[in-house]
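The structure under discussion appears below in the form of structure tokens.
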There are 2 protein chains.
Amino acid sequence: MEQLDSKTAFEGALFAVAAQRFRRADGSEVERQVVEHPGSVAIVAHDGDCVHLVRQPREAIGADGLLEIPAGTMDVEGESERECAERELSEEVGLRAEHWERLQAIYPSPGFLSEKVTIFAATGLSEQPGEGDEDEQIEIVRLPLAEIDAALPEIEDAKTLVGLLLLRARLRG
Amino acid sequence: MEQLDSKTAFEGALFAVAAQRFRRADGSEVERQVVEHPGSVAIVAHDGDCVHLVRQPREAIGADGLLEIPAGTMDVEGESERECAERELSEEVGLRAEHWERLQAIYPSPGFLSEKVTIFAATGLSEQPGEGDEDEQIEIVRLPLAEIDAALPEIEDAKTLVGLLLLRARLRG
């Protein structure tokens with residue numbers, strides 16, 4: 001696939017919108033309106049007892065408190081996915097991790113959104129409070145590993161459901 | 001949470017962008033740029049042998065062929081989620097299902113995208129070819145249930161990974 005053309009239609013703080021033209025592998029040409037996003041990272045941080053989650057308001061979906069794994073946008077120039085994940089883990093739940101593993105990368109809505117979310121597993125946790133964004137109202141929630149199954153039906157955030165289901169598969173086989 | 005104001009900044013074919021102001025539960029006010037989307041449905045269609053997937057080009061992420069469960073946008077006026085899922089199952093993989101179950105609804109990117117994806121399980125399958133969109137280049141892929149575990153690491157689409165992991169949890173306990 002080859003991108004032939006791209007015209008910015010909206011330029012926002014977190015994302016942009018572009019009208020783009022592509023030549024597909026079979027030679028046909030198509031036009032698409034694409035939401036361009038720099039990508040994100042998310043972290044399944046767990047110790048022997050629990051996985052560390054956050055609850056925060058999400059205005060775009062009208063949620064007063066959505067339960068999510070710690071995550072953030074790749075919005076710092078030159079920062080790697082791993083560095084971004086380390087920063088977000090410290091800022092959002094006040095933790096650092098000794099062991100990091102890249103679990104899987106997912107595209108949340110590949111029909112029109114370029115965003116890729118890279119999900120890490122983080123273990124060997126210790127306290128390391130970071131500076132939070134004052135605009136973020138984050139409540140830390142510790143979910144016992146034994147209660148993951150009971151919590152799954154209430155998880156509405158895609159990356160969080162993927163992260164917890166991958167952790168569950170790993171713990172149970 | 002209360003929406004105080006909304007100004008359209010971009011109006012596209014599939015989605016719009018709006019600058020919105022909200023009053024949170026604690027009384028504070030925030031502004032957000034939101035991608036407004038009508039929502040989607042996705043279907044985990046499986047029989048005793050395999051789950052029915054599609055492979056299609058996804059220009060927004062530069063993919064020549066992304067493996068996904070059948071899915072579609074809620075873009076027909078008055079159509080319910082279930083009706084939309086029935087239509088997409090017929091159009092994309094040529095099947096109808098006797099049994100339908102709502103598995104889970106997920107928000108792909110709740111920080112800025114309003115889209116909700118409702119995932120159904122569909123069983124009791126029989127052939128019922130529907131009319132496809134001529135712009136869609138869809139290859140049908142039948143994944144044997146016994147090969148789901150081996151396929152998971154290559155799944156990059158969020159709703160598909162959620163659907164297959166939920167199916168795996170159900171089949172294996």
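To be explicit about the labels: the chains of the structure tokens are called A, B, and onward in the order shown, and within each one the residues are counted from 1, while ligands get numbers from 1 in the order they are shown.
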
Show me, as JSON lines, the residues of chain A having an atom within 7 Å of chain B, each with the closest atom pair and its distance in Å, using only C-alpha atoms.
{"residue": "A:Met1", "atom": "CA", "partner": "B:Asp64", "partner_atom": "CA", "distance": 6.0}
{"residue": "A:Phe10", "atom": "CA", "partner": "B:Phe10", "partner_atom": "CA", "distance": 6.5}
{"residue": "A:Ala25", "atom": "CA", "partner": "B:Asp64", "partner_atom": "CA", "distance": 6.7}
{"residue": "A:Val34", "atom": "CA", "partner": "B:Ala60", "partner_atom": "CA", "distance": 5.8}
{"residue": "A:Arg58", "atom": "CA", "partner": "B:Gly111", "partner_atom": "CA", "distance": 5.9}
{"residue": "A:Ala60", "atom": "CA", "partner": "B:Ser114", "partner_atom": "CA", "distance": 5.2}
{"residue": "A:Ile61", "atom": "CA", "partner": "B:Ser114", "partner_atom": "CA", "distance": 5.0}
{"residue": "A:Gly62", "atom": "CA", "partner": "B:Met1", "partner_atom": "CA", "distance": 6.6}
{"residue": "A:Asp64", "atom": "CA", "partner": "B:Met1", "partner_atom": "CA", "distance": 6.0}
{"residue": "A:Ala105", "atom": "CA", "partner": "B:Glu156", "partner_atom": "CA", "distance": 6.3}
{"residue": "A:Ile106", "atom": "CA", "partner": "B:Glu156", "partner_atom": "CA", "distance": 4.6}
{"residue": "A:Tyr107", "atom": "CA", "partner": "B:Asp157", "partner_atom": "CA", "distance": 5.1}
{"residue": "A:Pro108", "atom": "CA", "partner": "B:Pro108", "partner_atom": "CA", "distance": 4.8}
{"residue": "A:Ser109", "atom": "CA", "partner": "B:Pro108", "partner_atom": "CA", "distance": 6.3}
{"residue": "A:Pro110", "atom": "CA", "partner": "B:Ile61", "partner_atom": "CA", "distance": 6.1}
{"residue": "A:Gly111", "atom": "CA", "partner": "B:Arg58", "partner_atom": "CA", "distance": 5.9}
{"residue": "A:Phe112", "atom": "CA", "partner": "B:Ala60", "partner_atom": "CA", "distance": 5.3}
{"residue": "A:Leu113", "atom": "CA", "partner": "B:Ala60", "partner_atom": "CA", "distance": 5.9}
{"residue": "A:Ser114", "atom": "CA", "partner": "B:Ile61", "partner_atom": "CA", "distance": 5.0}
{"residue": "A:Glu156", "atom": "CA", "partner": "B:Ile106", "partner_atom": "CA", "distance": 4.6}
{"residue": "A:Asp157", "atom": "CA", "partner": "B:Tyr107", "partner_atom": "CA", "distance": 5.1}
{"residue": "A:Ala158", "atom": "CA", "partner": "B:Pro108", "partner_atom": "CA", "distance": 5.0}
{"residue": "A:Leu161", "atom": "CA", "partner": "B:Val162", "partner_atom": "CA", "distance": 6.8}
{"residue": "A:Val162", "atom": "CA", "partner": "B:Val162", "partner_atom": "CA", "distance": 5.7}
{"residue": "A:Leu165", "atom": "CA", "partner": "B:Leu165", "partner_atom": "CA", "distance": 6.4}

Just list the residues in chain A DSSP gives strand (DSSP E) on the backbone, as number ranges by chain.
A: 2-11, 16-23, 29-36, 40-45, 50-58, 63-68, 71-73, 95-106, 117-127, 139-144

Minimum-distance residue to Glu139 of chain B, chosen among B:Glu77, B:Glu92, B:Glu86, B:Asp49 (using only C-alpha atoms):
B:Glu92

If we count only C-alpha atoms and set the cut-off at 6 Å, which residues sit around Leu53 of chain B, ignoring sequence neighbours fewer than 2 positions away in its own chain? Please answer as a PyMOL selection string.
chain B and resi 68-69+140-142

Residue subset to file, keeping N, CA and C atoms, as an mmCIF file, in the first residue's frame:
data_model
loop_
_atom_site.group_PDB
_atom_site.id
_atom_site.type_symbol
_atom_site.label_atom_id
_atom_site.label_comp_id
_atom_site.auth_asym_id
_atom_site.auth_seq_id
_atom_site.Cartn_x
_atom_site.Cartn_y
_atom_site.Cartn_z
ATOM 1 N N GLU B 68 -9.451 -9.615 11.050
ATOM 2 C CA GLU B 68 -10.447 -9.081 11.988
ATOM 3 C C GLU B 68 -11.660 -9.998 12.067
ATOM 4 N N ILE B 69 -12.416 -9.886 13.163
ATOM 5 C CA ILE B 69 -13.739 -10.489 13.170
ATOM 6 C C ILE B 69 -14.651 -9.588 12.327
ATOM 7 N N ILE B 140 -12.305 -14.004 3.130
ATOM 8 C CA ILE B 140 -12.809 -14.746 4.294
ATOM 9 C C ILE B 140 -11.737 -15.727 4.761
ATOM 10 N N VAL B 141 -11.504 -15.769 6.071
ATOM 11 C CA VAL B 141 -10.491 -16.647 6.663
ATOM 12 C C VAL B 141 -11.154 -17.476 7.757
ATOM 13 N N ARG B 142 -11.088 -18.789 7.628
ATOM 14 C CA ARG B 142 -11.646 -19.651 8.677
ATOM 15 C C ARG B 142 -10.519 -20.145 9.569
#

Separation of atom CA of Ser40 of chain A and atom CA of Thr123 of chain A, in Å?
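Straight-line distance from atom CA of Ser40 of chain A to atom CA of Thr123 of chain A works out to 19.8 Å.
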
Go through A:Val54, A:Leu125, A:Cys84, A:Leu145 and flag the residue nearest Arg170 of chain A, using only C-alpha atoms for the distances.
A:Leu145
